[in-house]
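Asks: Have a peek at entry18.txt (compact mmCIF, C-alpha atoms).
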```txt
# COMPACT_ATOMS: atom_id res chain seq x y z
CA MET X 1 23.42 111.53 48.39
CA THR X 2 25.23 108.31 48.47
CA ASP X 3 28.45 107.75 46.60
CA ARG X 4 28.73 104.71 44.46
CA PRO X 5 31.73 102.54 45.13
CA GLN X 6 34.12 102.81 42.29
CA ARG X 7 34.96 99.72 40.23
CA THR X 8 38.51 98.74 40.22
CA GLY X 9 40.33 97.43 37.03
CA ARG X 10 37.41 95.54 35.44
CA ARG X 11 35.76 96.53 32.31
CA LYS X 12 32.48 95.28 30.96
CA PRO X 13 33.13 93.21 27.77
CA SER X 14 31.87 94.51 24.59
CA PRO X 15 28.63 92.77 23.44
CA LEU X 16 29.79 92.10 19.90
CA PRO X 17 32.66 89.66 20.67
CA VAL X 18 30.46 87.86 23.18
CA PHE X 19 27.71 87.42 20.63
CA VAL X 20 30.12 86.31 17.91
CA THR X 21 31.83 83.81 20.20
CA ALA X 22 28.52 82.35 21.36
CA MET X 23 27.28 81.99 17.82
CA ALA X 24 30.52 80.38 16.73
CA LEU X 25 30.37 77.78 19.53
CA PHE X 26 26.72 77.09 18.76
CA LEU X 27 27.42 76.57 15.06
CA VAL X 28 30.32 74.28 15.80
CA ALA X 29 28.16 72.15 18.10
CA MET X 30 25.35 72.03 15.56
CA SER X 31 27.71 71.11 12.77
CA LEU X 32 29.11 68.26 14.83
CA LEU X 33 25.63 66.91 15.57
CA ALA X 34 24.55 67.26 11.95
CA TYR X 35 27.59 65.34 10.85
CA GLN X 36 26.87 62.53 13.28
CA LEU X 37 23.26 62.31 12.14
CA ALA X 38 24.35 62.21 8.52
CA GLN X 39 26.62 59.26 9.36
CA GLY X 40 23.68 57.40 10.90
CA LYS X 41 25.12 57.67 14.37
CA ASP X 42 22.31 59.39 16.14
CA PRO X 43 23.61 59.88 19.66
CA ALA X 44 20.05 59.78 20.98
CA LEU X 45 19.45 56.29 19.55
CA GLY X 46 22.85 54.80 20.04
CA ALA X 47 22.26 53.18 23.40
CA THR X 48 18.89 51.60 22.39
CA ALA X 49 20.31 50.17 19.20
CA ILE X 50 23.01 48.35 21.11
CA THR X 51 20.49 46.97 23.55
CA SER X 52 18.19 45.65 20.79
CA THR X 53 21.07 44.00 19.02
CA LYS X 54 22.00 42.13 22.12
CA ALA X 55 18.40 41.01 22.72
CA LYS X 56 17.88 39.81 19.18
CA ARG X 57 17.41 36.02 18.93
CA PRO X 58 19.75 34.19 16.63
CA VAL X 59 18.20 33.16 13.31
CA ILE X 60 18.53 29.47 12.58
CA VAL X 61 18.64 28.71 8.93
CA ARG X 62 17.35 25.20 8.23
CA ARG X 63 18.88 23.74 5.21
CA ILE X 64 17.00 20.86 3.58
CA VAL X 65 19.33 18.58 1.74
CA LYS X 66 17.82 16.17 -0.75
CA ARG X 67 20.18 13.41 -1.59
CA ARG X 68 19.82 11.89 -4.98
CA ILE X 69 21.88 8.83 -5.60
CA VAL X 70 22.47 8.34 -9.27
CA THR X 71 23.74 4.88 -10.00
CA THR X 72 25.30 4.17 -13.32
CA VAL X 73 25.29 0.50 -14.21
CA LYS X 74 28.24 -0.34 -16.33
CA PRO X 75 28.03 -3.44 -18.46
CA ALA X 76 29.83 -6.24 -16.71
CA PRO X 77 32.78 -7.72 -18.50
CA VAL X 78 31.67 -11.20 -17.47
CA VAL X 79 29.45 -13.01 -19.96
CA ALA X 80 27.06 -14.80 -17.63
CA ALA X 81 24.01 -13.18 -16.15
CA VAL X 82 23.86 -13.13 -12.39
CA PRO X 83 20.41 -14.07 -11.11
CA VAL X 84 18.91 -11.47 -8.83
CA SER X 85 17.27 -12.74 -5.69
CA SER X 86 14.86 -9.88 -5.27
CA GLY X 87 12.31 -10.62 -7.94
CA SER X 88 9.22 -8.79 -9.01
CA THR X 89 5.88 -9.94 -7.73
CA VAL X 90 4.74 -10.28 -11.30
CA SER X 91 5.01 -13.93 -12.14
CA SER X 92 7.39 -14.57 -14.93
CA SER X 93 9.80 -17.27 -15.86
CA ALA X 94 13.10 -16.86 -17.55
CA SER X 95 15.87 -19.26 -18.32
CA VAL X 96 19.13 -18.12 -16.83
CA ALA X 97 22.46 -18.99 -18.33
CA ALA X 98 24.77 -21.12 -16.25
CA PRO X 99 26.90 -18.85 -14.13
CA VAL X 100 30.57 -18.72 -14.96
CA ALA X 101 33.46 -17.09 -13.19
CA ALA X 102 33.05 -15.17 -9.99
CA PRO X 103 30.12 -12.81 -9.60
CA VAL X 104 31.05 -9.24 -10.30
CA ALA X 105 30.50 -6.71 -7.57
CA ALA X 106 27.59 -4.72 -8.87
CA PRO X 107 25.45 -2.01 -7.37
CA ALA X 108 22.53 -3.29 -5.31
CA PRO X 109 19.50 -3.83 -7.53
CA ALA X 110 16.57 -1.51 -7.16
CA PRO X 111 13.72 -3.07 -5.24
CA ALA X 112 11.13 -4.68 -7.44
CA PRO X 113 7.93 -2.69 -7.88
CA VAL X 114 4.99 -3.77 -5.80
CA VAL X 115 2.35 -5.24 -8.06
CA THR X 116 -1.21 -6.27 -7.43
CA ALA X 117 -2.63 -8.84 -9.78
CA SER X 118 -5.27 -11.50 -9.74
CA SER X 119 -4.12 -14.52 -7.79
CA MET P 1 14.77 4.33 3.02
CA ASN P 2 15.88 0.99 4.40
CA GLU P 3 13.21 -1.67 4.39
CA TYR P 4 13.24 -5.36 4.96
CA ASP P 5 11.94 -6.90 1.73
CA ILE P 6 11.22 -10.58 1.38
CA THR P 7 9.36 -12.57 -1.29
CA PHE P 8 8.29 -16.18 -1.01
CA ASP P 9 5.58 -18.60 -2.14
CA ALA P 10 2.63 -19.61 0.00
CA MET P 11 -1.11 -20.19 -0.44
CA GLY P 12 -0.43 -20.98 -4.08
CA SER P 13 0.64 -17.39 -4.65
CA GLU P 14 3.55 -15.06 -4.24
CA MET P 15 3.87 -13.31 -0.91
CA ARG P 16 5.86 -10.16 -0.32
CA ILE P 17 6.59 -8.41 2.94
CA LEU P 18 8.17 -4.96 3.29
CA ILE P 19 8.85 -3.61 6.77
CA GLY P 20 10.54 -0.32 7.65
CA GLU P 21 12.33 0.71 10.80
CA PRO P 22 10.76 0.17 14.24
CA THR P 23 9.51 3.38 15.83
CA ASP P 24 8.97 2.06 19.34
CA GLY P 25 12.02 -0.08 19.90
CA GLY P 26 10.32 -3.26 18.79
CA LEU P 27 11.74 -6.21 16.94
CA ALA P 28 14.15 -5.66 14.10
CA PRO P 29 12.39 -5.60 10.71
CA GLN P 30 14.09 -8.86 9.73
CA GLU P 31 12.75 -10.63 12.79
CA ALA P 32 9.27 -9.17 12.35
CA GLY P 33 9.35 -10.24 8.71
CA GLU P 34 10.35 -13.78 9.59
CA ARG P 35 7.54 -13.99 12.12
CA ALA P 36 5.13 -12.77 9.46
CA ARG P 37 6.38 -15.43 7.09
CA GLU P 38 5.90 -18.14 9.73
CA PHE P 39 2.40 -16.86 10.36
CA ILE P 40 1.50 -17.06 6.68
CA HIS P 41 2.70 -20.66 6.48
CA GLU P 42 0.74 -21.49 9.62
CA PHE P 43 -2.30 -19.76 8.11
CA ASP P 44 -1.90 -21.84 4.96
CA ARG P 45 -1.49 -25.12 6.86
CA THR P 46 -4.59 -24.41 8.91
CA LEU P 47 -6.93 -23.11 6.23
CA SER P 48 -5.92 -24.77 2.99
CA ARG P 49 -8.73 -26.52 1.19
CA PHE P 50 -6.14 -28.61 -0.65
CA GLN P 51 -4.45 -30.17 2.35
CA PRO P 52 -6.55 -33.07 3.66
CA ASP P 53 -5.25 -32.70 7.20
CA SER P 54 -5.78 -28.96 7.49
CA GLU P 55 -8.22 -27.76 10.10
CA LEU P 56 -10.51 -26.47 7.36
CA SER P 57 -10.57 -29.84 5.58
CA LEU P 58 -11.25 -31.58 8.86
CA LEU P 59 -14.06 -29.17 9.61
CA ASN P 60 -15.62 -29.71 6.20
CA ARG P 61 -15.54 -33.48 6.72
CA ASP P 62 -16.72 -33.41 10.32
CA PRO P 63 -20.20 -34.93 10.69
CA ARG P 64 -20.90 -33.01 13.89
CA VAL P 65 -23.02 -29.88 13.87
CA GLU P 66 -20.83 -28.21 16.47
CA VAL P 67 -17.09 -28.41 15.87
CA PRO P 68 -14.28 -27.02 18.01
CA ALA P 69 -12.32 -24.42 16.08
CA SER P 70 -9.07 -22.58 16.63
CA TYR P 71 -8.82 -18.81 16.80
CA LEU P 72 -7.47 -18.75 13.26
CA MET P 73 -10.28 -20.93 11.97
CA ARG P 74 -12.93 -18.84 13.68
CA SER P 75 -11.35 -15.63 12.40
CA ALA P 76 -11.33 -16.95 8.84
CA ILE P 77 -14.95 -18.04 8.99
CA LYS P 78 -16.01 -14.73 10.47
CA ALA P 79 -14.22 -12.91 7.65
CA GLY P 80 -15.96 -15.07 5.05
CA LEU P 81 -19.34 -14.53 6.67
CA TRP P 82 -18.70 -10.81 6.87
CA ALA P 83 -17.93 -10.73 3.15
CA ALA P 84 -21.13 -12.62 2.37
CA GLU P 85 -23.22 -10.31 4.49
CA PHE P 86 -21.46 -7.21 3.14
CA THR P 87 -22.27 -8.21 -0.44
CA GLY P 88 -25.72 -9.64 0.20
CA GLY P 89 -24.47 -13.15 -0.54
CA LEU P 90 -22.71 -12.34 -3.80
CA VAL P 91 -19.35 -13.36 -2.34
CA ASP P 92 -20.47 -16.74 -1.04
CA PRO P 93 -18.00 -18.82 1.04
CA THR P 94 -20.03 -22.03 0.93
CA LEU P 95 -19.57 -22.96 -2.75
CA VAL P 96 -17.03 -25.69 -2.06
CA ASP P 97 -18.86 -28.51 -3.85
CA GLU P 98 -19.60 -26.24 -6.79
CA ILE P 99 -15.97 -25.18 -7.28
CA GLU P 100 -14.84 -28.80 -7.12
CA VAL P 101 -17.46 -29.84 -9.66
CA ALA P 102 -16.21 -27.01 -11.87
CA GLY P 103 -12.77 -28.61 -11.76
CA TYR P 104 -10.87 -26.80 -9.02
CA ARG P 105 -10.06 -29.70 -6.70
CA GLU P 106 -6.38 -29.17 -6.11
CA SER P 107 -3.96 -26.28 -5.86
CA ARG P 108 -3.15 -24.73 -9.18
CA ALA P 109 0.15 -23.31 -8.02
CA GLY P 110 2.64 -23.58 -10.83
CA MET P 111 0.07 -24.81 -13.34
CA HIS P 112 -0.49 -23.11 -16.67
CA GLY P 113 -3.78 -21.38 -17.24
CA VAL P 114 -5.73 -20.67 -20.37
CA PRO P 115 -4.90 -17.74 -22.63
CA MET P 116 -7.46 -14.99 -22.09
CA SER P 117 -8.28 -14.71 -25.77
CA ASP P 118 -9.21 -18.40 -25.91
CA ALA P 119 -11.10 -18.22 -22.63
CA LEU P 120 -13.20 -15.26 -23.75
CA ARG P 121 -13.86 -16.78 -27.16
CA THR P 122 -15.24 -20.00 -25.70
CA ALA P 123 -17.02 -18.44 -22.72
CA PRO P 124 -20.82 -18.59 -22.50
CA ALA P 125 -23.12 -15.58 -22.72
CA ARG P 126 -22.20 -12.79 -20.34
CA HIS P 127 -24.40 -12.00 -17.41
CA PRO P 128 -23.88 -10.67 -13.89
CA ALA P 129 -23.89 -13.03 -10.92
CA HIS P 130 -26.59 -13.16 -8.27
CA PRO P 131 -26.72 -14.50 -4.72
CA SER P 132 -28.02 -18.00 -4.23
CA GLY P 133 -31.62 -18.36 -3.16
CA SER P 134 -30.73 -20.55 -0.20
CA HIS P 135 -28.30 -18.17 1.55
CA ALA P 136 -26.70 -21.26 3.09
CA TRP P 137 -23.85 -19.21 4.50
CA GLU P 138 -26.27 -17.76 7.03
CA SER P 139 -26.34 -21.19 8.71
CA PHE P 140 -22.73 -20.82 9.85
CA LYS P 141 -22.37 -19.53 13.39
CA VAL P 142 -19.13 -18.78 15.19
CA ASP P 143 -19.09 -18.95 18.98
CA ASP P 144 -15.90 -17.36 20.29
CA HIS P 145 -16.85 -17.97 23.89
CA ALA P 146 -17.25 -21.71 23.40
CA LYS P 147 -14.57 -21.72 20.67
CA VAL P 148 -16.74 -23.69 18.29
CA VAL P 149 -18.33 -23.39 14.87
CA ARG P 150 -21.90 -24.50 14.29
CA ARG P 151 -23.43 -25.31 10.93
CA PRO P 152 -25.61 -28.00 9.39
CA ALA P 153 -23.55 -31.15 8.96
CA GLY P 154 -22.24 -31.40 5.43
CA LEU P 155 -22.24 -27.69 4.71
CA LYS P 156 -18.71 -26.78 3.71
CA PHE P 157 -16.79 -23.56 3.97
CA ASP P 158 -14.10 -22.09 1.71
CA THR P 159 -11.89 -19.41 3.19
CA GLY P 160 -10.26 -18.76 -0.18
CA GLY P 161 -12.39 -15.73 -0.97
CA THR P 162 -11.08 -13.65 1.91
CA GLY P 163 -8.15 -15.68 3.23
CA LYS P 164 -5.27 -13.77 1.69
CA GLY P 165 -6.69 -10.43 2.68
CA LEU P 166 -7.28 -11.66 6.21
CA ALA P 167 -3.70 -12.90 6.49
CA ALA P 168 -2.42 -9.49 5.39
CA ASP P 169 -4.69 -7.71 7.86
CA MET P 170 -3.73 -9.96 10.75
CA ILE P 171 -0.03 -9.38 10.14
CA ALA P 172 -0.65 -5.65 9.83
CA GLY P 173 -2.15 -5.72 13.31
CA SER P 174 1.27 -6.51 14.74
CA LEU P 175 3.21 -3.93 12.75
CA GLY P 176 1.83 -0.70 14.18
CA GLY P 177 5.22 0.16 15.65
CA TYR P 178 7.06 0.38 12.34
CA SER P 179 7.68 3.39 10.15
CA ARG P 180 5.84 1.77 7.27
CA PHE P 181 4.97 -1.66 5.96
CA LEU P 182 3.32 -3.45 3.08
CA ILE P 183 2.02 -7.01 3.29
CA SER P 184 1.11 -8.56 -0.04
CA CYS P 185 -0.54 -11.96 -0.02
CA GLY P 186 -0.89 -12.86 -3.66
CA GLY P 187 -1.53 -9.26 -4.59
CA ASP P 188 -4.03 -8.62 -1.81
CA MET P 189 -2.28 -5.99 0.25
CA ARG P 190 -2.39 -4.10 3.48
CA ILE P 191 -0.36 -0.92 3.89
CA GLY P 192 0.35 1.06 7.03
CA GLY P 193 2.84 2.86 9.24
CA SER P 194 3.24 6.51 10.15
CA ASP P 195 5.72 7.25 7.38
CA ALA P 196 3.66 5.59 4.67
CA ARG P 197 1.34 8.58 4.60
CA VAL P 198 4.31 10.83 3.89
CA THR P 199 6.08 8.42 1.60
CA PRO P 200 3.34 6.25 0.11
CA TYR P 201 3.93 3.00 -1.67
CA GLU P 202 3.45 2.83 -5.39
CA VAL P 203 1.37 -0.20 -6.23
CA ALA P 204 1.17 -1.14 -9.88
CA VAL P 205 -1.87 -2.94 -11.23
CA GLU P 206 -1.17 -5.65 -13.75
CA HIS P 207 -3.47 -5.63 -16.76
CA PRO P 208 -5.14 -9.07 -16.83
CA ILE P 209 -5.03 -9.31 -20.62
CA SER P 210 -1.80 -7.66 -21.69
CA GLY P 211 0.15 -8.32 -18.51
CA ARG P 212 1.43 -4.76 -18.64
CA ARG P 213 0.89 -2.02 -16.13
CA ALA P 214 -2.67 -0.77 -16.19
CA HIS P 215 -2.33 1.83 -13.48
CA VAL P 216 -0.29 2.85 -10.45
CA PHE P 217 -1.86 3.69 -7.11
CA ARG P 218 0.02 5.71 -4.52
CA LEU P 219 -1.17 4.34 -1.20
CA GLY P 220 -0.27 5.44 2.29
CA SER P 221 -2.65 3.24 4.23
CA GLY P 222 -5.45 0.72 3.90
CA GLY P 223 -5.94 -2.22 1.60
CA VAL P 224 -5.87 -2.98 -2.09
CA ALA P 225 -6.81 -6.22 -3.80
CA THR P 226 -7.25 -7.55 -7.28
CA SER P 227 -9.60 -10.21 -8.51
CA GLY P 228 -9.67 -11.55 -12.04
CA VAL P 229 -10.46 -14.46 -14.29
CA ASN P 230 -7.06 -14.54 -15.98
CA VAL P 231 -5.43 -16.79 -13.41
CA ARG P 232 -6.82 -19.93 -11.85
CA ALA P 233 -8.56 -20.67 -15.12
CA TRP P 234 -8.59 -24.11 -16.68
CA ARG P 235 -9.95 -26.03 -19.63
CA ARG P 236 -12.73 -28.48 -18.89
CA THR P 237 -13.16 -31.82 -20.60
CA ASP P 238 -15.98 -30.44 -22.73
CA GLY P 239 -13.62 -27.78 -24.12
CA SER P 240 -15.10 -24.88 -22.21
CA THR P 241 -13.04 -22.69 -19.91
CA ALA P 242 -13.71 -22.41 -16.21
CA HIS P 243 -12.29 -20.19 -13.50
CA HIS P 244 -12.58 -19.84 -9.75
CA LEU P 245 -15.09 -16.98 -9.45
CA LEU P 246 -18.50 -18.59 -9.30
CA ASP P 247 -21.99 -17.23 -9.71
CA PRO P 248 -23.71 -18.29 -6.46
CA SER P 249 -27.09 -18.54 -8.21
CA THR P 250 -25.84 -21.13 -10.73
CA GLY P 251 -22.68 -22.55 -9.15
CA GLU P 252 -20.92 -22.02 -12.47
CA PRO P 253 -17.99 -19.73 -13.30
CA CYS P 254 -19.24 -16.19 -13.82
CA TRP P 255 -18.58 -14.44 -17.12
CA SER P 256 -19.85 -10.97 -16.39
CA GLY P 257 -18.05 -9.00 -19.09
CA ILE P 258 -15.32 -7.88 -16.69
CA VAL P 259 -12.01 -9.70 -16.58
CA GLY P 260 -10.37 -7.94 -13.65
CA VAL P 261 -11.07 -5.55 -10.81
CA THR P 262 -8.72 -3.85 -8.38
CA ALA P 263 -10.42 -2.37 -5.33
CA LEU P 264 -9.20 -0.09 -2.58
CA GLY P 265 -10.55 -0.30 0.93
CA PRO P 266 -9.84 0.44 4.56
CA ASN P 267 -8.30 -3.01 4.93
CA ALA P 268 -7.36 -5.94 2.73
CA VAL P 269 -10.41 -8.08 3.51
CA GLU P 270 -12.79 -5.33 2.47
CA ALA P 271 -10.77 -4.54 -0.64
CA GLU P 272 -10.73 -8.21 -1.61
CA THR P 273 -14.47 -8.49 -1.04
CA LEU P 274 -15.17 -5.36 -3.06
CA ALA P 275 -13.01 -6.56 -5.94
CA LYS P 276 -14.85 -9.88 -6.17
CA ALA P 277 -18.26 -8.28 -5.77
CA ALA P 278 -17.52 -5.73 -8.49
CA LEU P 279 -16.34 -8.39 -10.93
CA LEU P 280 -19.37 -10.59 -10.26
CA SER P 281 -21.72 -7.62 -10.59
CA GLY P 282 -20.76 -7.00 -14.21
CA PRO P 283 -20.15 -3.76 -16.08
CA GLY P 284 -23.54 -2.34 -15.19
CA SER P 285 -23.01 -2.33 -11.43
CA ALA P 286 -19.27 -2.66 -10.82
CA ARG P 287 -18.75 1.07 -10.75
CA LYS P 288 -21.31 1.47 -8.01
CA VAL P 289 -19.64 -1.24 -5.93
CA LEU P 290 -16.29 0.57 -6.12
CA GLU P 291 -17.67 4.06 -5.79
CA LYS P 292 -17.00 4.51 -2.08
CA SER P 293 -13.33 3.58 -1.87
CA GLY P 294 -12.24 3.66 -5.49
CA GLY P 295 -10.69 1.12 -7.78
CA LEU P 296 -10.14 0.03 -11.32
CA ILE P 297 -12.16 -2.11 -13.72
CA VAL P 298 -10.76 -3.92 -16.72
CA HIS P 299 -13.35 -4.84 -19.31
CA GLU P 300 -13.19 -7.75 -21.72
CA ASP P 301 -12.12 -5.47 -24.56
CA GLY P 302 -9.11 -4.42 -22.48
CA ARG P 303 -10.51 -1.03 -21.58
CA VAL P 304 -9.43 0.25 -18.18
CA GLU P 305 -12.01 2.21 -16.20
CA LEU P 306 -10.94 4.14 -13.13
CA VAL P 307 -13.41 4.72 -10.33
CA GLY P 308 -12.92 7.34 -7.62
CA ARG P 309 -10.16 9.86 -7.10
CA MET P 310 -6.87 8.43 -8.25
CA THR P 311 -3.39 9.68 -8.81
CA ILE P 312 -1.94 8.51 -12.06
CA SER P 313 1.74 7.80 -12.22
CA THR P 314 3.63 6.46 -15.17
CA ARG P 315 7.07 6.20 -13.65
CA MET P 316 7.25 2.58 -12.67
CA PRO P 317 7.89 -0.10 -15.25
CA VAL P 318 6.30 -3.48 -14.80
CA ARG P 319 7.56 -6.58 -16.46
CA PRO P 320 4.96 -8.20 -18.73
CA ALA P 321 3.50 -11.36 -17.26
CA SER P 322 2.64 -14.49 -19.15
CA VAL P 323 -1.05 -14.14 -19.81
CA GLY P 324 -3.12 -16.93 -18.43
CA ALA P 325 -0.42 -18.40 -16.25
CA ALA P 326 -1.85 -19.61 -13.01
CA ALA P 327 -0.17 -18.58 -9.82
```
Could you render the structure from this file as structure tokens?
Replies:
Amino acid sequence: MTDRPQRTGRRKPSPLPVFVTAMALFLVAMSLLAYQLAQGKDPALGATAITSTKAKRPVIVRRIVKRRIVTTVKPAPVVAAVPVSSGSTVSSSASVAAPVAAPVAAPAPAPAPVVTASS
Amino acid sequence: MNEYDITFDAMGSEMRILIGEPTDGGLAPQEAGERAREFIHEFDRTLSRFQPDSELSLLNRDPRVEVPASYLMRSAIKAGLWAAEFTGGLVDPTLVDEIEVAGYRESRAGMHGVPMSDALRTAPARHPAHPSGSHAWESFKVDDHAKVVRRPAGLKFDTGGTGKGLAADMIAGSLGGYSRFLISCGGDMRIGGSDARVTPYEVAVEHPISGRRAHVFRLGSGGVATSGVNVRAWRRTDGSTAHHLLDPSTGEPCWSGIVGVTALGPNAVEAETLAKAALLSGPGSARKVLEKSGGLIVHEDGRVELVGRMTISTRMPVRPASVGAAA
């Protein structure tokens, strides 16, 4: 018969505290992960998301600007009519009053419409 | 959009040139426009029937069968012959004696015409024109290699039927490198340029009776021309009214029932030819003449008839013209 060597000073821990401690650590870890997922910070996707953001091409927004020039012609204080050099292609004759005083700076006249007529 | 825009008188009519920006580093629009103006004056000096020393007048007086001719002269005769062939002789360029007998011997630039109401009231019975039986225009031959024109001595040629359109087309040939352009020679126009398709020109048609706007075409390329009996009309000594569009079969002014036609075409010469042919054909056939490219017919009662696919615009005002005033 062989004698077992006797253990010295150590005692096997009780299973209940071990189980409770393990469960507590597990629940804490799970709670932490659940919280992170709820915040949208999935640790499994975090690295990929950063990579895709860096690779994303910048979006160029093209803005089309239409300029509309509205010209308001104010009646000139000078009495005489100033003949306009750019006439319409429609033949017409008009007597023009003799010019008096200096010509008033006026906005450039709109180009005459292009007209086709028998000639 | 910046465009060079110049208006001046030539060929007894009003000319207008619009040229946009160069796209290939060519001449400035102003310089191109001035060159175009010089060309039109040169064209007029060479081909005017009313200037006795013009090359055309000299040709018509030349007793030789074979006559040396400049490039411009040959081009003008070829355009007139093309128009005659294209219309089966309806647009006949050899009616010089007939038009002079009718009373059109000198330029009518600046002269007053006849009010349309009076002209229509005194006009003879309406009937469409027909080609002449002789087809004399077929006798004209142009030899570019020898640089001569051959025709029976005494047979005269009038470039007036296609001259303005040809001038517009020839100028257009040098303006391919501009964003857009419009050349109007007395209302016979040629339009072109890469931007003109995106931003077309609005071309208003003057009503030959009221002088008001009859229609507006939006054109990005090609030609447009108007022919009518409201200008270049005059009172004859017998009290009747004559105008410059003759019936080749009679040699007399044609009263077809149509007073004005505006035609579209791939170029100004074709548009001008179509407009004349449609007017001479009368109301029964004018629509068919214009069917391919489109256009507009104004009947004696003032009714406006559109032919083809058009875009109507009513945005552009047109000043009323004095009815019957000759250009």
Asks: Identify which of the residues P:Arg303, P:Arg235, P:Arg213, P:His243 lies closest to X:Ala117, counting all atoms listed in the file when measuring atom-to-atom distances.
Replies: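 Residue with the minimum atom-to-atom distance to X:Ala117: P:Arg213.
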Asks: When you draw a straight line from atom CA of P:Ala153 to atom CA of P:Ser139, how long is it in Å?
Replies: 10.3 Å
Asks: When you draw a straight line from atom CA of P:Ser48 to atom CA of P:Leu166, how long is it in Å?
Replies: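 Atom CA of P:Leu166 lies at a distance of 13.6 Å from atom CA of P:Ser48.
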Asks: Can you tell me how far atom CA of P:Met11 sits from atom CA of P:Arg151, in Å to one decimal?
Replies: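 So the answer is 25.6 Å.
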Asks: Give me the residues within 8 Å of stretch 179-181 of chain P as a list in words, counting only C-alpha atoms and dropping any in the same chain fewer than 2 places off.
Replies: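 Neighbouring residues, sequence-local ones excluded: Ile17, Leu18, Ile19, Gly20, Glu21, Pro22, Thr23, Ala172, Leu175, Gly177, Ile183, Ile191, Gly192, Gly193, Ser194, Asp195 and Ala196 of chain P.
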Asks: Nearest residue to chain X out of P:Ala225, P:Leu59, P:Leu90, P:Val269, using only C-alpha atoms?
Replies: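 Selected residue with least distance to chain X: P:Ala225.
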Asks: Just need the box for stretch 196-208 of chain P, edges along x, y and z, holding every atom the file lists for it with 3 Å tacked onto each side, so centre and edge lengths in Å to one decimal, as lines of an AutoDock Vina configuration file.
Replies:
```
center_x = 0.5
center_y = 0.9
center_z = -6.1
size_x = 17.2
size_y = 25.9
size_z = 27.5
```
Asks: Rank nothing, just name the residue among P:Val142, P:Leu219, P:Ala214, P:Ala271 nearest to P:Ala83, using only C-alpha atoms.
Replies: P:Ala271
Asks: Identify, on the basis of all atoms listed in the file, every residue whose closest approach to P:Gly163 does not exceed 7 Å; exclude the query and any residue fewer than 4 positions from it along the same chain; express the result as a PyMOL selection string.
Replies: chain P and resi 76+159+167
Asks: Go through P:Ser107, P:Ala136, P:Asn230, P:Tyr178 one by one, measure the shortest atom-to-atom distance of each to P:Tyr4 using all atoms listed in the file, and give the residue with the smallest value.
Replies: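 Of P:Ser107, P:Ala136, P:Asn230, P:Tyr178, the one nearest P:Tyr4 is P:Tyr178, counting all atoms listed in the file.
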Asks: What lies within 12 Å of P:Gly239 using only C-alpha atoms, ignoring chain neighbours under 4 positions off, as a VMD selection string?
Replies: chain P and resid 114 118 to 119 121 to 124 234 to 235
Asks: Write out, as a tab-separated table (two decimals), keeping the file's coordinate frame, the residues just selected, with C-alpha atoms.
Replies:
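The file below, part22.tsv, is the result:
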```
chain	number	residue	atom	x	y	z
P	114	VAL	CA	-5.73	-20.67	-20.37
P	118	ASP	CA	-9.21	-18.40	-25.91
P	119	ALA	CA	-11.10	-18.22	-22.63
P	121	ARG	CA	-13.86	-16.78	-27.16
P	122	THR	CA	-15.24	-20.00	-25.70
P	123	ALA	CA	-17.02	-18.44	-22.72
P	124	PRO	CA	-20.82	-18.59	-22.50
P	234	TRP	CA	-8.59	-24.11	-16.68
P	235	ARG	CA	-9.95	-26.03	-19.63
```
Asks: Find the residues around P:Ile40 up to 8 Å (only C-alpha atoms counted), leave out those fewer than 3 positions away in its own chain, and share them as a CSV table (one decimal) with C-alpha atoms, in the frame of the given file.
Replies:
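The resulting file, part.csv, is reproduced below:
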```csv
chain,number,residue,atom,x,y,z
P,10,ALA,CA,2.6,-19.6,0.0
P,36,ALA,CA,5.1,-12.8,9.5
P,37,ARG,CA,6.4,-15.4,7.1
P,43,PHE,CA,-2.3,-19.8,8.1
P,44,ASP,CA,-1.9,-21.8,5.0
P,167,ALA,CA,-3.7,-12.9,6.5
```
Asks: Would you be able to write out as a PyMOL selection string which residues have an atom within 6 Å of (-12.8, -5.0, -7.3) in the file's coordinates, counting only C-alpha atoms?
Replies: chain P and resi 261-263+274-276+278
Asks: Suppose we keep C-alpha atoms; can you now write the selection as a compact mmCIF listing (two decimals), in the coordinates of the input?
Replies:
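Wrote part.txt, looks like this:
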```
# COMPACT_ATOMS: atom_id res chain seq x y z
CA VAL P 261 -11.07 -5.55 -10.81
CA THR P 262 -8.72 -3.85 -8.38
CA ALA P 263 -10.42 -2.37 -5.33
CA LEU P 274 -15.17 -5.36 -3.06
CA ALA P 275 -13.01 -6.56 -5.94
CA LYS P 276 -14.85 -9.88 -6.17
CA ALA P 278 -17.52 -5.73 -8.49
```
Asks: For a cutoff of 7 Å around the file-coordinate point (-4.6, -14.0, -0.6), which residues qualify once you count all atoms listed in the file? I'd like the result as a list of chain:residue names.
Replies: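 The residues near that point, listed by chain and number, are P:Thr162, P:Gly163, P:Lys164, P:Gly165, P:Cys185, P:Gly186, P:Gly187, P:Asp188.
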Asks: List the neighbours of P:His244 out to 12 Å using all atoms listed in the file; skip same-chain residues closer than 3 positions along the sequence, and give me the result as a VMD selection string.
Replies: (chain X and resid 118 to 119) or (chain P and resid 91 95 to 96 98 to 108 113 158 160 to 161 227 to 235 241 247 to 248 251 to 255 276 280 326)
